[in-house]
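Student: The following file, run.cif, comprises mmCIF, C-alpha atoms:
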```
data_data
#
loop_
_atom_site.label_atom_id
_atom_site.label_comp_id
_atom_site.auth_asym_id
_atom_site.auth_seq_id
_atom_site.Cartn_x
_atom_site.Cartn_y
_atom_site.Cartn_z
CA MET A 1 30.62 -47.93 36.75
CA ARG A 2 26.87 -48.23 36.33
CA VAL A 3 26.39 -44.59 37.51
CA THR A 4 28.85 -43.37 34.92
CA ASP A 5 27.13 -45.38 32.19
CA SER A 6 23.77 -43.96 33.23
CA LEU A 7 25.04 -40.39 33.04
CA MET A 8 26.57 -41.04 29.63
CA SER A 9 23.34 -42.60 28.42
CA GLN A 10 21.29 -39.59 29.60
CA SER A 11 23.74 -37.17 27.98
CA PHE A 12 23.61 -39.16 24.75
CA LEU A 13 19.84 -39.17 24.66
CA ARG A 14 19.69 -35.39 25.24
CA ASN A 15 22.19 -34.75 22.47
CA LEU A 16 20.43 -37.16 20.15
CA SER A 17 17.11 -35.39 20.81
CA THR A 18 18.71 -32.02 20.06
CA ASN A 19 20.29 -33.31 16.84
CA THR A 20 16.98 -34.83 15.80
CA LYS A 21 15.12 -31.56 16.36
CA ASN A 22 17.73 -29.58 14.42
CA MET A 23 17.66 -32.01 11.54
CA GLN A 24 13.84 -31.96 11.46
CA LYS A 25 13.91 -28.14 11.49
CA TYR A 26 16.15 -27.92 8.42
CA GLN A 27 14.24 -30.74 6.75
CA GLU A 28 10.97 -28.83 7.24
CA GLN A 29 12.54 -25.60 5.90
CA LEU A 30 13.80 -27.46 2.82
CA SER A 31 10.35 -28.96 2.25
CA SER A 32 8.44 -25.66 2.61
CA LEU A 33 11.21 -23.39 1.28
CA LYS A 34 10.28 -21.00 4.15
CA GLU A 35 12.40 -19.74 7.02
CA VAL A 36 9.49 -20.00 9.45
CA ASN A 37 6.50 -22.30 9.35
CA ARG A 38 4.80 -21.35 12.61
CA PRO A 39 4.84 -18.27 14.88
CA SER A 40 6.85 -20.06 17.55
CA ASP A 41 9.77 -20.51 15.12
CA ASP A 42 10.58 -16.76 15.22
CA PRO A 43 7.79 -14.45 16.52
CA LEU A 44 9.53 -11.22 15.42
CA ARG A 45 10.18 -12.50 11.89
CA VAL A 46 6.62 -13.83 11.59
CA SER A 47 5.28 -10.39 12.62
CA LYS A 48 7.36 -8.69 9.93
CA ILE A 49 6.19 -11.21 7.32
CA LEU A 50 2.52 -10.62 8.22
CA ASP A 51 3.00 -6.83 8.00
CA LEU A 52 4.69 -7.15 4.60
CA ASN A 53 1.92 -9.41 3.28
CA ASN A 54 -0.73 -6.93 4.45
CA THR A 55 1.14 -4.06 2.80
CA ILE A 56 1.37 -6.02 -0.47
CA VAL A 57 -2.40 -6.68 -0.39
CA GLN A 58 -3.01 -2.96 0.18
CA ASN A 59 -0.61 -2.13 -2.65
CA ASP A 60 -2.60 -4.40 -4.99
CA GLN A 61 -5.84 -2.69 -3.97
CA TYR A 62 -4.38 0.72 -4.77
CA LYS A 63 -3.16 -0.60 -8.12
CA THR A 64 -6.70 -1.75 -8.97
CA THR A 65 -8.01 1.74 -8.14
CA ILE A 66 -5.27 3.40 -10.20
CA ASN A 67 -5.90 1.15 -13.21
CA ASP A 68 -9.63 1.89 -13.03
CA ALA A 69 -8.91 5.63 -12.88
CA VAL A 70 -6.49 5.36 -15.83
CA GLN A 71 -9.16 3.63 -17.92
CA TRP A 72 -11.71 6.23 -16.76
CA THR A 73 -9.51 9.13 -17.92
CA ASN A 74 -8.80 7.36 -21.22
CA VAL A 75 -12.54 7.09 -21.85
CA GLN A 76 -12.98 10.75 -20.90
CA ASP A 77 -10.21 11.82 -23.26
CA SER A 78 -11.78 9.89 -26.14
CA ALA A 79 -15.18 11.45 -25.39
CA LEU A 80 -13.77 14.98 -25.27
CA SER A 81 -11.89 14.38 -28.50
CA SER A 82 -15.19 13.46 -30.17
CA ALA A 83 -16.96 16.48 -28.63
CA THR A 84 -14.18 18.79 -29.86
CA LYS A 85 -14.46 17.48 -33.41
CA SER A 86 -18.23 18.00 -33.38
CA LEU A 87 -17.86 21.58 -32.09
CA GLN A 88 -15.22 22.34 -34.68
CA ARG A 89 -17.52 21.02 -37.40
CA ILE A 90 -20.35 23.18 -36.03
CA LYS A 91 -18.10 26.23 -36.22
CA THR A 92 -17.18 25.39 -39.82
CA LEU A 93 -20.86 25.08 -40.76
CA ILE A 94 -21.70 28.37 -38.99
CA GLN A 95 -18.93 30.08 -40.93
CA SER A 96 -20.26 28.60 -44.15
CA SER A 97 -23.82 29.62 -43.32
CA ALA A 98 -22.76 33.23 -42.60
CA ASN A 99 -21.95 33.61 -46.29
CA ASP A 100 -24.57 35.86 -47.91
CA THR A 101 -24.38 33.90 -51.15
CA LEU A 102 -25.96 30.82 -49.54
CA SER A 103 -29.66 30.22 -50.13
CA HIS A 104 -32.18 29.40 -47.41
CA SER A 105 -32.25 25.75 -48.45
CA ASP A 106 -28.45 25.61 -48.20
CA ARG A 107 -28.59 26.93 -44.66
CA GLN A 108 -31.32 24.43 -43.80
CA ALA A 109 -29.04 21.67 -45.01
CA ASN A 110 -26.28 23.04 -42.78
CA LYS A 111 -28.79 23.29 -39.95
CA ALA A 112 -29.64 19.60 -40.25
CA GLU A 113 -25.97 18.70 -40.03
CA ILE A 114 -25.42 21.07 -37.12
CA ALA A 115 -28.36 19.46 -35.30
CA SER A 116 -26.71 16.08 -35.83
CA GLU A 117 -23.41 17.40 -34.48
CA ILE A 118 -25.17 18.90 -31.44
CA HIS A 119 -26.54 15.45 -30.66
CA GLY A 120 -23.00 14.15 -31.24
CA VAL A 121 -21.62 16.55 -28.61
CA VAL A 122 -24.28 15.50 -26.11
CA ASP A 123 -23.71 11.80 -26.84
CA ALA A 124 -19.98 12.27 -26.24
CA LEU A 125 -20.63 14.00 -22.91
CA ASN A 126 -22.99 11.13 -21.99
CA THR A 127 -20.22 8.57 -22.43
CA ASN A 128 -20.67 5.57 -20.16
CA PHE A 129 -17.82 3.50 -18.70
CA GLY A 130 -18.65 0.24 -16.96
CA GLY A 131 -22.19 1.36 -16.18
CA ARG A 132 -21.05 4.79 -14.92
CA TYR A 133 -21.40 8.11 -16.72
CA VAL A 134 -18.03 9.84 -16.78
CA PHE A 135 -19.33 13.44 -16.72
CA SER A 136 -22.27 13.26 -14.32
CA GLY A 137 -20.44 14.26 -11.15
CA MET A 138 -21.40 12.12 -8.15
CA ASN A 139 -24.54 10.83 -9.90
CA THR A 140 -22.63 8.35 -12.02
CA THR A 141 -25.70 6.20 -12.72
CA GLU A 142 -27.80 9.09 -14.09
CA ARG A 143 -27.55 10.22 -17.71
CA PRO A 144 -26.18 13.77 -17.34
CA PHE A 145 -27.04 15.62 -20.59
CA ASP A 146 -30.14 15.88 -22.75
CA VAL A 147 -31.02 17.97 -25.77
CA THR A 148 -34.16 20.06 -25.21
CA THR A 149 -36.55 20.72 -28.10
CA ILE A 150 -39.81 22.51 -28.81
CA ASP A 151 -41.77 21.37 -31.84
CA GLY A 152 -38.70 19.53 -33.04
CA GLU A 153 -36.48 22.62 -32.80
CA ILE A 154 -33.36 22.44 -30.55
CA THR A 155 -33.66 24.97 -27.73
CA GLY A 156 -30.63 23.99 -25.63
CA ILE A 157 -29.33 21.25 -23.37
CA THR A 158 -30.00 20.31 -19.76
CA TYR A 159 -27.68 18.84 -17.13
CA SER A 160 -28.94 16.28 -14.60
CA GLY A 161 -25.68 15.45 -12.82
CA THR A 162 -24.36 16.90 -9.56
CA LYS A 163 -25.63 20.46 -9.25
CA GLU A 164 -24.36 21.47 -5.81
CA GLY A 165 -20.93 21.26 -4.25
CA ASP A 166 -17.92 19.57 -5.79
CA GLY A 167 -18.89 17.30 -8.65
CA ASN A 168 -15.49 15.67 -9.10
CA LEU A 169 -14.96 12.10 -7.92
CA SER A 170 -12.09 11.45 -5.52
CA ARG A 171 -9.95 8.31 -5.64
CA GLU A 172 -7.36 7.24 -3.03
CA ILE A 173 -4.31 6.07 -5.00
CA ALA A 174 -1.79 5.68 -2.16
CA PRO A 175 -1.85 5.89 1.66
CA GLY A 176 -3.06 9.41 2.41
CA VAL A 177 -2.94 10.43 -1.28
CA SER A 178 -6.10 11.14 -3.30
CA ILE A 179 -6.72 12.43 -6.81
CA GLN A 180 -9.72 14.24 -8.27
CA LEU A 181 -11.20 12.88 -11.49
CA ASN A 182 -12.70 15.61 -13.70
CA THR A 183 -16.28 14.38 -13.68
CA ASP A 184 -18.22 17.59 -13.04
CA GLY A 185 -20.34 18.01 -16.18
CA ARG A 186 -21.21 21.59 -15.22
CA GLU A 187 -17.80 22.54 -16.59
CA PHE A 188 -19.05 21.77 -20.09
CA ILE A 189 -22.20 23.86 -19.72
CA ASN A 190 -19.65 26.69 -19.53
CA GLU A 191 -21.98 29.17 -17.87
CA GLN A 192 -20.74 32.73 -18.57
CA GLY A 193 -23.85 34.84 -18.76
CA THR A 194 -26.58 35.77 -16.29
CA ALA A 195 -30.07 34.45 -15.58
CA GLU A 196 -31.52 37.33 -17.63
CA SER A 197 -28.99 36.90 -20.45
CA PRO A 198 -27.69 33.31 -20.40
CA ASP A 199 -24.52 32.52 -22.29
CA ASN A 200 -23.65 28.87 -22.11
CA LEU A 201 -23.35 25.81 -24.34
CA GLY A 202 -27.12 25.31 -24.45
CA SER A 203 -27.93 28.94 -25.29
CA PHE A 204 -25.18 28.90 -27.91
CA PHE A 205 -26.83 25.97 -29.67
CA LYS A 206 -30.23 27.65 -29.39
CA ASP A 207 -28.95 30.90 -30.91
CA VAL A 208 -27.25 29.04 -33.76
CA MET A 209 -30.45 27.22 -34.71
CA HIS A 210 -32.50 30.42 -34.49
CA ALA A 211 -30.05 32.35 -36.67
CA LEU A 212 -30.15 29.59 -39.28
CA ASN A 213 -33.96 29.58 -39.31
CA THR A 214 -34.07 33.35 -39.85
CA ASP A 215 -31.09 33.50 -42.26
CA ASP A 216 -29.48 36.03 -39.92
CA THR A 217 -25.95 36.09 -41.38
CA GLU A 218 -24.82 38.92 -39.13
CA LYS A 219 -25.74 36.97 -36.02
CA LEU A 220 -24.13 33.84 -37.44
CA SER A 221 -20.87 35.76 -37.89
CA GLY A 222 -21.10 36.96 -34.29
CA LEU A 223 -21.59 33.37 -33.10
CA LEU A 224 -18.14 32.35 -34.37
CA ASP A 225 -16.44 33.92 -31.33
CA ARG A 226 -18.80 32.06 -29.03
CA ALA A 227 -18.03 28.85 -30.92
CA ASP A 228 -14.32 29.43 -30.24
CA LYS A 229 -15.05 29.86 -26.53
CA GLN A 230 -16.98 26.59 -26.38
CA ILE A 231 -14.21 24.74 -28.22
CA GLU A 232 -11.56 26.27 -25.94
CA ASN A 233 -13.56 25.21 -22.89
CA VAL A 234 -13.71 21.58 -24.00
CA VAL A 235 -10.02 21.61 -24.95
CA SER A 236 -9.15 23.12 -21.56
CA ASN A 237 -11.07 20.40 -19.74
CA ARG A 238 -9.41 17.79 -21.91
CA ALA A 239 -6.02 19.18 -20.85
CA LYS A 240 -7.05 18.82 -17.19
CA THR A 241 -8.00 15.21 -17.84
CA GLY A 242 -4.63 14.68 -19.52
CA ALA A 243 -2.84 16.06 -16.45
CA VAL A 244 -4.77 13.63 -14.25
CA PHE A 245 -3.82 10.78 -16.58
CA ASN A 246 -0.12 11.71 -16.42
CA ARG A 247 -0.22 11.77 -12.63
CA LEU A 248 -1.95 8.39 -12.55
CA GLU A 249 0.66 6.90 -14.88
CA ALA A 250 3.46 8.17 -12.63
CA THR A 251 1.67 6.80 -9.56
CA LEU A 252 1.24 3.44 -11.27
CA GLU A 253 4.98 3.25 -11.90
CA ARG A 254 5.68 4.05 -8.24
CA ASN A 255 3.13 1.44 -7.20
CA ASP A 256 4.86 -1.23 -9.29
CA SER A 257 8.27 -0.20 -7.94
CA GLU A 258 6.99 -0.31 -4.36
CA LYS A 259 5.51 -3.77 -4.89
CA LEU A 260 8.84 -5.01 -6.24
CA ASN A 261 10.61 -3.68 -3.13
CA LEU A 262 8.00 -5.23 -0.85
CA LYS A 263 8.33 -8.59 -2.60
CA SER A 264 12.09 -8.39 -2.21
CA MET A 265 11.80 -7.61 1.51
CA LEU A 266 9.32 -10.44 1.94
CA ALA A 267 11.66 -12.87 0.22
CA GLU A 268 14.53 -11.81 2.47
CA ASN A 269 12.47 -12.49 5.58
CA GLN A 270 10.50 -15.50 4.41
CA ASP A 271 12.40 -17.49 1.77
CA ILE A 272 15.39 -19.71 2.51
CA ASP A 273 18.78 -19.82 0.84
CA LEU A 274 18.42 -23.30 -0.61
CA ALA A 275 22.16 -24.06 -0.90
CA GLU A 276 22.88 -22.81 2.63
CA LYS A 277 19.97 -24.70 4.16
CA TYR A 278 20.93 -27.92 2.40
CA MET A 279 24.47 -27.60 3.71
CA GLN A 280 23.16 -27.03 7.24
CA PHE A 281 20.81 -29.98 6.90
CA THR A 282 23.69 -32.19 5.71
CA MET A 283 25.81 -31.15 8.69
CA GLU A 284 22.98 -31.86 11.12
CA LYS A 285 22.32 -35.19 9.45
CA THR A 286 26.01 -36.10 9.80
CA ALA A 287 25.92 -35.11 13.48
CA TYR A 288 22.74 -37.16 13.96
CA GLN A 289 24.27 -40.22 12.31
CA ALA A 290 27.44 -39.81 14.39
CA SER A 291 25.33 -39.65 17.56
CA LEU A 292 23.56 -42.85 16.59
CA ALA A 293 26.89 -44.56 15.92
CA MET A 294 28.23 -43.42 19.28
CA GLY A 295 25.04 -44.54 20.96
CA THR A 296 25.56 -48.12 19.89
CA GLN A 297 28.77 -48.03 21.92
CA ILE A 298 27.36 -46.28 24.96
CA LEU A 299 24.15 -48.28 25.19
CA GLN A 300 25.69 -51.75 24.69
CA THR A 301 24.45 -53.96 27.47
CA ASN A 302 26.53 -56.82 28.77
CA ILE A 303 24.81 -59.57 30.79
CA LEU A 304 27.85 -59.63 33.04
CA ASP A 305 26.90 -56.09 34.26
CA TYR A 306 23.96 -57.64 36.05
CA LEU A 307 25.84 -60.49 37.72
#
```
Written as structure tokens, how would this file's structure read?
Tutor:
Amino acid sequence: MRVTDSLMSQSFLRNLSTNTKNMQKYQEQLSSLKEVNRPSDDPLRVSKILDLNNTIVQNDQYKTTINDAVQWTNVQDSALSSATKSLQRIKTLIQSSANDTLSHSDRQANKAEIASEIHGVVDALNTNFGGRYVFSGMNTTERPFDVTTIDGEITGITYSGTKEGDGNLSREIAPGVSIQLNTDGREFINEQGTAESPDNLGSFFKDVMHALNTDDTEKLSGLLDRADKQIENVVSNRAKTGAVFNRLEATLERNDSEKLNLKSMLAENQDIDLAEKYMQFTMEKTAYQASLAMGTQILQTNILDYL
């Protein structure tokens, strides 16, 4: 009889220990609202959760890069819009100055305004975003454009940005996916001539100022075509920047969608179903209480057993 009681007592204690562990497990899950709280709970699930968390962190880093690039292209677009307006105004003033009825003083007045607009173009191309020049190629901390003068007369512009190789900045916006930001300021110099006969933005400005000083209306008329080419060049580069912006916007949408999917997958692996877990906890608690009640019967000790 005593052997049977001993076996029943051992079996009871094992079952009670199991019920206690199960109840504590569900109680811990309800407290933390997590399926697993330590690697030993479910090594495979924990590994998946860690991978998902790392991917979400990486996704956030890409989003930061994309947002920075979006802001960068917005600043570039605004700068090129300003440069276009200045060039269009310069063309209008050249057209006005080519009129033979204008006096020398009238052309000098136009010249002063053109000089101001030339500085406006250069200021626009020297736009700075967060301490970085947006059209200086790789040399983002160096002011890219300057107006050159001799005795106060504008003789052209110089470029101090990247002068060799690719001057466009690259940004990684997704795993294995990069995009080129249009930062090469040499595009705006618009070099078309030769060393002996330069034809670029700087020489265009120089020829305009010289023609105004000499009242050369024929040359001023001929400069209108060159003005159109400079305007078209800036507009073309602005279109490229717009294409980059559109791609970044699409990438940002995909990034947000991917993060939503990752969060959903993480929740499926990590978060508990509160109603289900509470039901399981209640069942384990009932089993635990039943074991305790049964134990009071099994473990009752009668003094007569020892007589």
Student: Would you pick out the contacts of Glu164 (chain A) at 10 Å or less, using all atoms listed in the file, so that residues sharing its chain but fewer than 3 positions from it are not included, and give the list as a PyMOL selection string?
Tutor: chain A and resi 137+161+167+186
Student: Output C-alpha atoms of each residue in that selection to a file, as a CSV table (one decimal), in the coordinates of the input.
Tutor:
```csv
chain,number,residue,atom,x,y,z
A,137,GLY,CA,-20.4,14.3,-11.2
A,161,GLY,CA,-25.7,15.4,-12.8
A,167,GLY,CA,-18.9,17.3,-8.6
A,186,ARG,CA,-21.2,21.6,-15.2
```
Student: Do you know which residues the PyMOL selection byres ((chain A and resi 138) around 12) returns on this file, as a PyMOL selection string?
Tutor: chain A and resi 132-137+139-144+160-170+180-186
Student: Starting from the PyMOL selection byres ((chain A and resi 65) around 12), expand the selection into actual residues of this file and give them as a list in words.
Tutor: Gln58, Asn59, Asp60, Gln61, Tyr62, Lys63, Thr64, Ile66, Asn67, Asp68, Ala69, Val70, Gln71, Trp72, Ser170, Arg171, Glu172, Ile173, Ala174, Ser178, Ile179, Leu248, Thr251, Leu252 and Asn255 of chain A
Student: State, in Å with one decimal place, the distance from CA of Val75 (chain A) to CA of Phe188 (chain A).
Tutor: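 According to the coordinates, CA of Val75 (chain A) and CA of Phe188 (chain A) are separated by 16.2 Å.
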Student: Please evaluate the PyMOL selection byres ((chain A and resi 98-104) around 9) against the structure above and give the resulting residues as a list in words.
Tutor: Leu93, Ile94, Gln95, Ser96, Ser97, Ser105, Asp106, Arg107, Gln108, Ala109, Leu212, Asn213, Thr214, Asp215, Asp216, Thr217, Glu218, Lys219, Leu220 and Ser221 of chain A
Student: Would you export the selected residues with C-alpha atoms as a PDB file, keeping the file's coordinate frame, please?
Tutor:
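The resulting file, selection-v3.pdb, is shown below:
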```pdb
ATOM      1  CA  LEU A  93     -20.860  25.080 -40.760  1.00  0.00           C
ATOM      2  CA  ILE A  94     -21.700  28.370 -38.990  1.00  0.00           C
ATOM      3  CA  GLN A  95     -18.930  30.080 -40.930  1.00  0.00           C
ATOM      4  CA  SER A  96     -20.260  28.600 -44.150  1.00  0.00           C
ATOM      5  CA  SER A  97     -23.820  29.620 -43.320  1.00  0.00           C
ATOM      6  CA  SER A 105     -32.250  25.750 -48.450  1.00  0.00           C
ATOM      7  CA  ASP A 106     -28.450  25.610 -48.200  1.00  0.00           C
ATOM      8  CA  ARG A 107     -28.590  26.930 -44.660  1.00  0.00           C
ATOM      9  CA  GLN A 108     -31.320  24.430 -43.800  1.00  0.00           C
ATOM     10  CA  ALA A 109     -29.040  21.670 -45.010  1.00  0.00           C
ATOM     11  CA  LEU A 212     -30.150  29.590 -39.280  1.00  0.00           C
ATOM     12  CA  ASN A 213     -33.960  29.580 -39.310  1.00  0.00           C
ATOM     13  CA  THR A 214     -34.070  33.350 -39.850  1.00  0.00           C
ATOM     14  CA  ASP A 215     -31.090  33.500 -42.260  1.00  0.00           C
ATOM     15  CA  ASP A 216     -29.480  36.030 -39.920  1.00  0.00           C
ATOM     16  CA  THR A 217     -25.950  36.090 -41.380  1.00  0.00           C
ATOM     17  CA  GLU A 218     -24.820  38.920 -39.130  1.00  0.00           C
ATOM     18  CA  LYS A 219     -25.740  36.970 -36.020  1.00  0.00           C
ATOM     19  CA  LEU A 220     -24.130  33.840 -37.440  1.00  0.00           C
ATOM     20  CA  SER A 221     -20.870  35.760 -37.890  1.00  0.00           C
TER      21      SER A 221
END
```
Student: Which value, in Å to one decimal, gives the distance between CA of Arg247 (chain A) and CA of Ile189 (chain A)?
Tutor: 26.1 Å
Student: What is the CA of Ser78 (chain A)-CA of Asn126 (chain A) distance in Å, reported with one decimal?
Tutor: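 Here the two named atoms are 12.0 Å from each other.
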Student: May I have the residues within 8 Å of region 146-155 of chain A as a ChimeraX atom specification, using all atoms listed in the file and disregarding those fewer than 5 positions away in the same chain?
Tutor: /A:115,119,122,202-203,205-206,209
Student: Write a file of the just-selected residues containing C-alpha atoms, as a short mmCIF file (atom, residue, chain, number, x, y, z; two decimals), in the coordinates of the input.
Tutor:
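Once everything was written out, this is result37.cif:
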```cif
data_model
loop_
_atom_site.label_atom_id
_atom_site.label_comp_id
_atom_site.auth_asym_id
_atom_site.auth_seq_id
_atom_site.Cartn_x
_atom_site.Cartn_y
_atom_site.Cartn_z
CA ALA A 115 -28.36 19.46 -35.30
CA HIS A 119 -26.54 15.45 -30.66
CA VAL A 122 -24.28 15.50 -26.11
CA GLY A 202 -27.12 25.31 -24.45
CA SER A 203 -27.93 28.94 -25.29
CA PHE A 205 -26.83 25.97 -29.67
CA LYS A 206 -30.23 27.65 -29.39
CA MET A 209 -30.45 27.22 -34.71
#
```
Student: Using all atoms listed in the file, find the one residue out of A:Lys91, A:Ser116, A:Glu196, A:Leu201 that sits nearest to Thr158 (chain A).
Tutor: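 That would be A:Leu201, the residue with the smallest distance to Thr158 (chain A).
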Student: For Ala211 (chain A), which of A:Thr194, A:Asn110, A:Asn74, A:Asn53 is the closest residue, counting all atoms listed in the file?
Tutor: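 That would be A:Asn110, the residue with the smallest distance to Ala211 (chain A).
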Student: For Leu262 (chain A), which residue out of A:Val121, A:Val235, A:Leu44, A:Ile56 is the nearest one, using only C-alpha atoms?
Tutor: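 Counting only C-alpha atoms, the residue closest to Leu262 (chain A) is A:Ile56.
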Student: For Ala112 (chain A), which residue out of A:Asn128, A:Gln192, A:Ile90, A:Leu80 is the nearest one, using only C-alpha atoms?
Tutor: A:Ile90
